[in-house]
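For reference, structure36.cif (mmCIF, C-alpha atoms):
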```cif
data_target
loop_
_atom_site.label_atom_id
_atom_site.label_comp_id
_atom_site.auth_asym_id
_atom_site.auth_seq_id
_atom_site.Cartn_x
_atom_site.Cartn_y
_atom_site.Cartn_z
CA ASP X 1 -43.02 41.76 200.15
CA THR X 2 -46.54 42.20 201.45
CA GLU X 3 -48.04 38.89 200.43
CA VAL X 4 -50.89 37.07 202.06
CA THR X 5 -51.70 33.80 200.29
CA GLN X 6 -55.13 32.20 200.41
CA THR X 7 -56.30 28.81 199.22
CA PRO X 8 -58.47 27.75 197.58
CA LYS X 9 -59.38 30.66 195.35
CA HIS X 10 -62.80 29.18 194.62
CA LEU X 11 -64.82 26.70 196.66
CA VAL X 12 -68.26 25.25 196.06
CA MET X 13 -69.70 23.26 198.93
CA GLY X 14 -72.96 21.69 199.93
CA MET X 15 -74.77 22.59 203.09
CA THR X 16 -73.72 19.35 204.78
CA ASN X 17 -70.06 19.53 203.78
CA LYS X 18 -67.06 20.36 205.94
CA LYS X 19 -64.33 22.37 204.29
CA SER X 20 -61.53 24.74 205.28
CA LEU X 21 -60.08 27.94 203.95
CA LYS X 22 -56.36 28.46 204.46
CA CYS X 23 -54.24 31.56 204.75
CA GLU X 24 -50.49 32.04 205.04
CA GLN X 25 -48.18 35.00 205.49
CA HIS X 26 -44.42 35.16 205.93
CA MET X 27 -44.04 38.81 206.78
CA GLY X 28 -43.65 38.23 210.50
CA HIS X 29 -47.00 39.87 211.13
CA ARG X 30 -48.47 39.14 214.56
CA ALA X 31 -52.11 39.84 213.83
CA MET X 32 -54.24 37.93 211.35
CA TYR X 33 -57.83 38.49 210.33
CA TRP X 34 -60.80 36.96 208.57
CA TYR X 35 -63.19 39.25 206.76
CA LYS X 36 -66.35 38.40 204.84
CA GLN X 37 -67.41 40.47 201.86
CA LYS X 38 -70.70 40.30 199.97
CA ALA X 39 -71.14 41.85 196.54
CA LYS X 40 -71.12 45.65 196.52
CA LYS X 41 -70.56 45.78 200.29
CA PRO X 42 -67.49 46.63 202.38
CA PRO X 43 -65.50 43.87 204.07
CA GLU X 44 -66.96 42.84 207.43
CA LEU X 45 -64.66 41.76 210.22
CA MET X 46 -65.22 38.21 211.49
CA PHE X 47 -62.20 37.27 213.62
CA VAL X 48 -58.88 38.69 214.74
CA TYR X 49 -55.94 36.71 216.08
CA SER X 50 -53.14 38.47 217.95
CA TYR X 51 -50.08 36.45 218.82
CA GLU X 52 -51.99 33.32 217.77
CA LYS X 53 -54.76 33.98 220.26
CA LEU X 54 -58.30 34.91 219.30
CA SER X 55 -58.77 38.54 220.32
CA ILE X 56 -61.94 39.50 218.44
CA ASN X 57 -64.93 37.39 217.46
CA GLU X 58 -67.60 39.59 215.92
CA SER X 59 -70.47 37.33 217.00
CA VAL X 60 -69.91 35.01 214.08
CA PRO X 61 -72.12 31.87 213.92
CA SER X 62 -70.45 28.70 215.20
CA ARG X 63 -70.60 27.12 211.75
CA PHE X 64 -67.47 29.22 211.13
CA SER X 65 -64.57 28.07 213.26
CA PRO X 66 -61.21 29.85 213.06
CA GLU X 67 -57.89 28.29 213.93
CA CYS X 68 -54.40 29.74 214.14
CA PRO X 69 -51.91 26.83 214.22
CA ASN X 70 -48.90 29.16 214.26
CA SER X 71 -47.93 32.75 213.63
CA SER X 72 -47.90 32.29 209.86
CA LEU X 73 -51.05 30.28 209.32
CA LEU X 74 -54.73 30.96 209.73
CA ASN X 75 -57.55 28.59 208.88
CA LEU X 76 -61.31 29.00 208.70
CA HIS X 77 -63.21 25.76 209.14
CA LEU X 78 -66.63 25.66 207.55
CA HIS X 79 -69.44 23.31 208.50
CA ALA X 80 -73.16 23.22 207.78
CA LEU X 81 -73.12 26.53 205.96
CA GLN X 82 -76.16 28.21 204.47
CA PRO X 83 -76.52 29.62 200.95
CA GLU X 84 -76.46 33.14 202.42
CA ASP X 85 -72.90 32.44 203.58
CA SER X 86 -71.79 32.58 199.96
CA ALA X 87 -69.31 35.44 199.75
CA LEU X 88 -65.70 36.42 199.28
CA TYR X 89 -63.68 35.50 202.36
CA LEU X 90 -60.62 37.64 202.86
CA CYS X 91 -57.67 36.87 205.04
CA ALA X 92 -55.47 39.75 206.15
CA SER X 93 -52.52 40.44 208.38
CA SER X 94 -50.83 43.36 210.08
CA GLN X 95 -47.56 43.86 211.88
CA GLY X 96 -48.79 45.08 215.22
CA VAL X 97 -50.98 43.18 217.59
CA GLN X 98 -53.32 46.08 218.22
CA GLY X 99 -55.23 45.49 215.06
CA ALA X 100 -55.33 48.50 212.81
CA VAL X 101 -54.04 50.93 215.45
CA GLY X 102 -51.22 52.52 213.48
CA ASN X 103 -50.79 49.40 211.39
CA THR X 104 -51.58 48.68 207.79
CA ILE X 105 -53.79 45.69 207.15
CA TYR X 106 -52.77 43.73 204.06
CA PHE X 107 -55.34 41.54 202.35
CA GLY X 108 -54.94 38.27 200.54
CA GLU X 109 -56.66 37.70 197.19
CA GLY X 110 -59.62 36.05 198.85
CA SER X 111 -61.50 32.80 198.58
CA TRP X 112 -64.77 32.86 196.68
CA LEU X 113 -67.19 30.58 198.50
CA THR X 114 -70.45 29.32 197.03
CA VAL X 115 -72.79 27.28 199.20
CA VAL X 116 -75.31 25.19 197.29
CA GLN Y 9 -68.38 52.83 214.25
CA GLN Y 10 -68.81 52.80 210.47
CA PRO Y 11 -67.60 56.00 208.74
CA VAL Y 12 -69.75 57.81 206.20
CA GLN Y 13 -68.34 57.85 202.70
CA SER Y 14 -69.44 60.12 199.86
CA PRO Y 15 -70.23 60.16 197.06
CA GLN Y 16 -71.53 56.64 196.45
CA ALA Y 17 -70.45 56.72 192.83
CA VAL Y 18 -68.38 58.90 190.51
CA ILE Y 19 -68.09 58.75 186.72
CA LEU Y 20 -65.17 60.53 185.13
CA ARG Y 21 -63.42 60.98 181.81
CA GLU Y 22 -59.71 60.28 181.68
CA GLY Y 23 -57.80 63.28 182.93
CA GLU Y 24 -60.55 64.57 185.22
CA ASP Y 25 -60.23 64.92 188.98
CA ALA Y 26 -62.29 63.44 191.79
CA VAL Y 27 -62.58 63.78 195.55
CA ILE Y 28 -63.91 61.09 197.88
CA ASN Y 29 -64.81 61.99 201.44
CA CYS Y 30 -64.85 59.92 204.59
CA SER Y 31 -66.16 61.23 207.90
CA SER Y 32 -66.90 60.08 211.40
CA SER Y 33 -68.87 61.51 214.27
CA LYS Y 34 -66.04 60.45 216.59
CA ALA Y 35 -62.40 61.45 216.71
CA LEU Y 36 -60.31 58.89 214.93
CA TYR Y 37 -56.96 57.32 215.53
CA SER Y 38 -56.32 56.66 211.86
CA VAL Y 39 -57.82 56.53 208.40
CA HIS Y 40 -56.92 53.83 205.89
CA TRP Y 41 -57.70 54.02 202.18
CA TYR Y 42 -58.11 50.97 199.92
CA ARG Y 43 -59.02 50.41 196.29
CA GLN Y 44 -60.77 47.26 195.17
CA LYS Y 45 -61.17 46.26 191.55
CA HIS Y 46 -64.00 43.99 190.49
CA GLY Y 47 -63.32 40.40 191.46
CA GLU Y 48 -60.14 41.26 193.37
CA ALA Y 49 -59.14 41.90 196.96
CA PRO Y 50 -58.78 45.40 198.44
CA VAL Y 51 -55.38 46.93 197.86
CA PHE Y 52 -53.90 49.28 200.45
CA LEU Y 53 -53.33 52.84 199.23
CA MET Y 54 -52.32 54.82 202.31
CA ILE Y 55 -52.77 55.36 206.01
CA LEU Y 56 -53.10 58.73 207.76
CA LEU Y 57 -52.35 59.06 211.43
CA LYS Y 58 -51.83 62.72 212.22
CA GLY Y 59 -54.30 65.58 212.23
CA GLY Y 60 -53.54 67.94 209.37
CA GLU Y 61 -51.55 65.25 207.58
CA GLN Y 62 -51.44 65.04 203.81
CA LYS Y 63 -49.98 62.12 201.92
CA GLY Y 64 -49.43 61.42 198.28
CA HIS Y 65 -49.09 58.35 196.14
CA GLU Y 66 -48.40 59.20 192.48
CA LYS Y 67 -51.49 61.21 191.48
CA ILE Y 68 -53.52 59.94 194.38
CA SER Y 69 -53.27 61.82 197.65
CA ALA Y 70 -55.23 62.16 200.86
CA SER Y 71 -55.68 64.52 203.77
CA PHE Y 72 -56.75 64.10 207.38
CA ASN Y 73 -58.30 67.16 209.00
CA GLU Y 74 -57.04 68.74 212.21
CA LYS Y 75 -59.89 67.37 214.29
CA LYS Y 76 -59.18 63.89 212.95
CA GLN Y 77 -62.76 63.23 212.05
CA GLN Y 78 -62.67 63.63 208.31
CA SER Y 79 -60.44 62.51 205.46
CA SER Y 80 -60.53 63.12 201.74
CA LEU Y 81 -58.95 61.15 198.92
CA TYR Y 82 -57.92 63.16 195.86
CA LEU Y 83 -57.50 61.58 192.45
CA THR Y 84 -56.01 63.95 189.92
CA ALA Y 85 -55.75 63.52 186.16
CA SER Y 86 -57.53 60.20 186.50
CA GLN Y 87 -56.46 57.20 184.46
CA LEU Y 88 -58.45 54.18 183.33
CA SER Y 89 -56.60 52.11 185.92
CA TYR Y 90 -58.13 54.18 188.71
CA SER Y 91 -61.52 52.57 188.18
CA GLY Y 92 -62.70 50.51 191.11
CA THR Y 93 -64.36 50.84 194.48
CA TYR Y 94 -62.59 52.98 197.05
CA PHE Y 95 -63.07 52.20 200.72
CA CYS Y 96 -62.00 54.23 203.67
CA GLY Y 97 -61.42 52.39 206.90
CA THR Y 98 -61.26 54.09 210.27
CA VAL Y 99 -60.01 53.25 213.72
CA ASP Y 100 -61.68 55.11 216.57
CA ARG Y 101 -59.48 57.05 218.98
CA GLY Y 102 -59.07 55.06 222.16
CA SER Y 103 -59.58 51.75 220.42
CA THR Y 104 -57.46 49.14 222.14
CA LEU Y 105 -58.30 46.26 219.86
CA GLY Y 106 -57.92 48.32 216.71
CA ARG Y 107 -61.09 47.40 214.90
CA LEU Y 108 -61.03 48.81 211.39
CA TYR Y 109 -64.50 49.90 210.25
CA PHE Y 110 -65.02 50.32 206.53
CA GLY Y 111 -67.25 52.88 204.85
CA ARG Y 112 -69.76 51.67 202.27
CA GLY Y 113 -67.40 52.46 199.41
CA THR Y 114 -67.31 54.81 196.43
CA GLN Y 115 -67.52 53.26 192.99
CA LEU Y 116 -65.27 55.18 190.61
CA THR Y 117 -65.57 54.64 186.87
CA VAL Y 118 -63.14 56.29 184.47
CA TRP Y 119 -64.05 56.34 180.78
CA PRO Y 120 -61.63 56.98 177.90
#
```
Give the structure from this file in structure tokens form.
Amino acid sequence: DTEVTQTPKHLVMGMTNKKSLKCEQHMGHRAMYWYKQKAKKPPELMFVYSYEKLSINESVPSRFSPECPNSSLLNLHLHALQPEDSALYLCASSQGVQGAVGNTIYFGEGSWLTVV
Amino acid sequence: QQPVQSPQAVILREGEDAVINCSSSKALYSVHWYRQKHGEAPVFLMILLKGGEQKGHEKISASFNEKKQQSSLYLTASQLSYSGTYFCGTVDRGSTLGRLYFGRGTQLTVWP
């Protein structure tokens, strides 16, 4: 079972709203990721958590705030977003803590975010 | 460092073969191949770790050259279900944090 579950699947929010994206995995994976993907582009890494600690932040604007409450859950808190932040947000996980070094990264189905 | 993927797009008839290439100017630790269908998340196909390695998955296989700087994905006797965008992802040798960099993708369209 290689399932990463994301909610909600679709989200429309205004530029002054605060919302959160949620991600869950029960595979015992120790690394979890947020990626952002725009149409016809590859996924771009935003954050990596290893053992529930933030290990990589790819210079993401502070209007995106990740949180890892426990080893199975990963949240992405959204506040004061811009229309250009509209994209598919992908959560992923992998077994090892060294990111993709020898480990497969499994993606969830994604959350489609539209900022109006 | 982002790998270079080619070609950008491929159009095939059912039953035809295709090759997608992925290369880096640096030696790599690993290459990961994904397929993404329109409106869906990327789905893992395979990972290659060893120079000279070849791996197969049904009629889809891949190779990793001896220098570990180039990988190719082979799709033989293509089926309609193979349509989608194929991404290679690479991890640079010596990477401690294991960042996976994706190529720009190859859009594969299979027609009946």
Any chance you could tabulate, as a tab-separated table, the residues of chain Y at most 9 Å from chain X with each one's nearest atom pair and distance in Å to one decimal, using all atoms listed in the file, in chain and rising number order?
```
residue	atom	partner	partner_atom	distance
Y:Tyr37	CA	X:Val101	CA	7.0
Y:Ser38	CA	X:Gly102	CA	6.8
Y:His40	CA	X:Thr104	CA	7.7
Y:Glu48	CA	X:Glu109	CA	6.3
Y:Ala49	CA	X:Glu109	CA	4.9
Y:Pro50	CA	X:Phe107	CA	6.5
Y:Val51	CA	X:Phe107	CA	7.0
Y:Phe52	CA	X:Tyr106	CA	6.7
Y:Met54	CA	X:Thr104	CA	8.3
Y:Ile55	CA	X:Thr104	CA	7.0
Y:Leu56	CA	X:Gly102	CA	8.6
Y:Leu57	CA	X:Gly102	CA	6.9
Y:Thr93	CA	X:Lys40	CA	8.8
Y:Phe95	CA	X:Pro42	CA	7.3
Y:Thr98	CA	X:Ala100	CA	8.5
Y:Val99	CA	X:Val101	CA	6.6
Y:Asp100	CA	X:Val101	CA	8.8
Y:Arg101	CA	X:Val101	CA	8.9
Y:Ser103	CA	X:Val101	CA	7.5
Y:Thr104	CA	X:Gln98	CA	6.5
Y:Leu105	CA	X:Gln98	CA	5.2
Y:Gly106	CA	X:Gly99	CA	4.2
Y:Arg107	CA	X:Gly99	CA	6.2
Y:Leu108	CA	X:Ala100	CA	5.9
Y:Tyr109	CA	X:Glu44	CA	8.0
Y:Phe110	CA	X:Pro42	CA	6.1
Y:Gly111	CA	X:Pro42	CA	6.7
Y:Arg112	CA	X:Pro42	CA	5.5
Y:Gly113	CA	X:Pro42	CA	6.5
```
Output C-alpha atoms of each residue in that selection to a file, as a CSV table (one decimal), in the frame of the given file.
```csv
chain,number,residue,atom,x,y,z
Y,37,TYR,CA,-57.0,57.3,215.5
Y,38,SER,CA,-56.3,56.7,211.9
Y,40,HIS,CA,-56.9,53.8,205.9
Y,48,GLU,CA,-60.1,41.3,193.4
Y,49,ALA,CA,-59.1,41.9,197.0
Y,50,PRO,CA,-58.8,45.4,198.4
Y,51,VAL,CA,-55.4,46.9,197.9
Y,52,PHE,CA,-53.9,49.3,200.4
Y,54,MET,CA,-52.3,54.8,202.3
Y,55,ILE,CA,-52.8,55.4,206.0
Y,56,LEU,CA,-53.1,58.7,207.8
Y,57,LEU,CA,-52.4,59.1,211.4
Y,93,THR,CA,-64.4,50.8,194.5
Y,95,PHE,CA,-63.1,52.2,200.7
Y,98,THR,CA,-61.3,54.1,210.3
Y,99,VAL,CA,-60.0,53.2,213.7
Y,100,ASP,CA,-61.7,55.1,216.6
Y,101,ARG,CA,-59.5,57.0,219.0
Y,103,SER,CA,-59.6,51.8,220.4
Y,104,THR,CA,-57.5,49.1,222.1
Y,105,LEU,CA,-58.3,46.3,219.9
Y,106,GLY,CA,-57.9,48.3,216.7
Y,107,ARG,CA,-61.1,47.4,214.9
Y,108,LEU,CA,-61.0,48.8,211.4
Y,109,TYR,CA,-64.5,49.9,210.2
Y,110,PHE,CA,-65.0,50.3,206.5
Y,111,GLY,CA,-67.2,52.9,204.8
Y,112,ARG,CA,-69.8,51.7,202.3
Y,113,GLY,CA,-67.4,52.5,199.4
```
(message) For a test of reading the model, state the distance in Å between CA of Met32 (chain X) and CA of Met13 (chain X), rounded to one decimal.
(response) 24.7 Å
(message) Between CA of Lys53 (chain X) and CA of Lys36 (chain X), what distance in Å does the model show, to one decimal?
(response)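 Result for CA of Lys53 (chain X) versus CA of Lys36 (chain X): 19.8 Å, one decimal.
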(request) Could you tell me which residues the PyMOL selection byres ((chain X and resi 16) around 8) returns for this structure, as a ChimeraX atom specification? (result) /X:14-15,17-18,79-81
(request) Calculate how many Å separate CA of Gln78 (chain Y) from CA of Phe47 (chain X), rounding to one decimal. (result)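 Distance between the two atoms: 26.9 Å.
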Contact residues around Lys58 (chain Y) with all atoms listed in the file at 12 Å, ignoring same-chain residues under 5 positions, as an mmCIF file with C-alpha atoms, in the frame of the given file:
```cif
data_model
loop_
_atom_site.group_PDB
_atom_site.id
_atom_site.type_symbol
_atom_site.label_atom_id
_atom_site.label_comp_id
_atom_site.auth_asym_id
_atom_site.auth_seq_id
_atom_site.Cartn_x
_atom_site.Cartn_y
_atom_site.Cartn_z
ATOM 1 C CA GLY X 102 -51.220 52.520 213.480
ATOM 2 C CA ALA Y 35 -62.400 61.450 216.710
ATOM 3 C CA LEU Y 36 -60.310 58.890 214.930
ATOM 4 C CA TYR Y 37 -56.960 57.320 215.530
ATOM 5 C CA SER Y 38 -56.320 56.660 211.860
ATOM 6 C CA VAL Y 39 -57.820 56.530 208.400
ATOM 7 C CA LYS Y 63 -49.980 62.120 201.920
ATOM 8 C CA ALA Y 70 -55.230 62.160 200.860
ATOM 9 C CA SER Y 71 -55.680 64.520 203.770
ATOM 10 C CA PHE Y 72 -56.750 64.100 207.380
ATOM 11 C CA ASN Y 73 -58.300 67.160 209.000
ATOM 12 C CA GLU Y 74 -57.040 68.740 212.210
ATOM 13 C CA LYS Y 75 -59.890 67.370 214.290
ATOM 14 C CA LYS Y 76 -59.180 63.890 212.950
ATOM 15 C CA GLN Y 77 -62.760 63.230 212.050
ATOM 16 C CA GLN Y 78 -62.670 63.630 208.310
ATOM 17 C CA SER Y 79 -60.440 62.510 205.460
ATOM 18 C CA ARG Y 101 -59.480 57.050 218.980
#
```
Could you list, as an mmCIF file with C-alpha atoms, keeping the file's coordinate frame, every residue within 7 Å of Phe64 (chain X), counting all atoms listed in the file and ignoring same-chain residues fewer than 4 positions away?
```cif
data_model
loop_
_atom_site.group_PDB
_atom_site.id
_atom_site.type_symbol
_atom_site.label_atom_id
_atom_site.label_comp_id
_atom_site.auth_asym_id
_atom_site.auth_seq_id
_atom_site.Cartn_x
_atom_site.Cartn_y
_atom_site.Cartn_z
ATOM 1 C CA VAL X 60 -69.910 35.010 214.080
ATOM 2 C CA LEU X 76 -61.310 29.000 208.700
ATOM 3 C CA HIS X 77 -63.210 25.760 209.140
ATOM 4 C CA LEU X 78 -66.630 25.660 207.550
ATOM 5 C CA HIS X 79 -69.440 23.310 208.500
#
```
(message) I'd like the neighbourhood of Leu20 (chain Y) as a ChimeraX atom specification, where a residue qualifies if any of its atoms comes within 9 Å (using only C-alpha atoms), though same-chain residues fewer than 4 positions away should be ignored.
(response) /Y:24-26,86,116-120
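Evaluated against this file, the PyMOL selection byres ((chain X and resi 66) around 10) yields X:Ser20, X:Leu21, X:Lys22, X:Tyr33, X:Trp34, X:Met46, X:Phe47, X:Val48, X:Tyr49, X:Leu54, X:Asn57, X:Ser62, X:Arg63, X:Phe64, X:Ser65, X:Glu67, X:Cys68, X:Pro69, X:Leu74, X:Asn75, X:Leu76, X:His77, X:Leu78.
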(request) Name the residues captured by the PyMOL selection byres ((chain Y and resi 68) around 8) when it is applied to the shown file; answer as number ranges by chain. (result) Y: 64-67, 69-70, 81-84
Can those selected residues be exported to a file as a PDB file, keeping the file's coordinate frame so that it contains C-alpha atoms?
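Final output, selection.pdb:
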```pdb
ATOM      1  CA  GLY Y  64     -49.430  61.420 198.280  1.00  0.00           C
ATOM      2  CA  HIS Y  65     -49.090  58.350 196.140  1.00  0.00           C
ATOM      3  CA  GLU Y  66     -48.400  59.200 192.480  1.00  0.00           C
ATOM      4  CA  LYS Y  67     -51.490  61.210 191.480  1.00  0.00           C
ATOM      5  CA  SER Y  69     -53.270  61.820 197.650  1.00  0.00           C
ATOM      6  CA  ALA Y  70     -55.230  62.160 200.860  1.00  0.00           C
ATOM      7  CA  LEU Y  81     -58.950  61.150 198.920  1.00  0.00           C
ATOM      8  CA  TYR Y  82     -57.920  63.160 195.860  1.00  0.00           C
ATOM      9  CA  LEU Y  83     -57.500  61.580 192.450  1.00  0.00           C
ATOM     10  CA  THR Y  84     -56.010  63.950 189.920  1.00  0.00           C
TER      11      THR Y  84
END
```
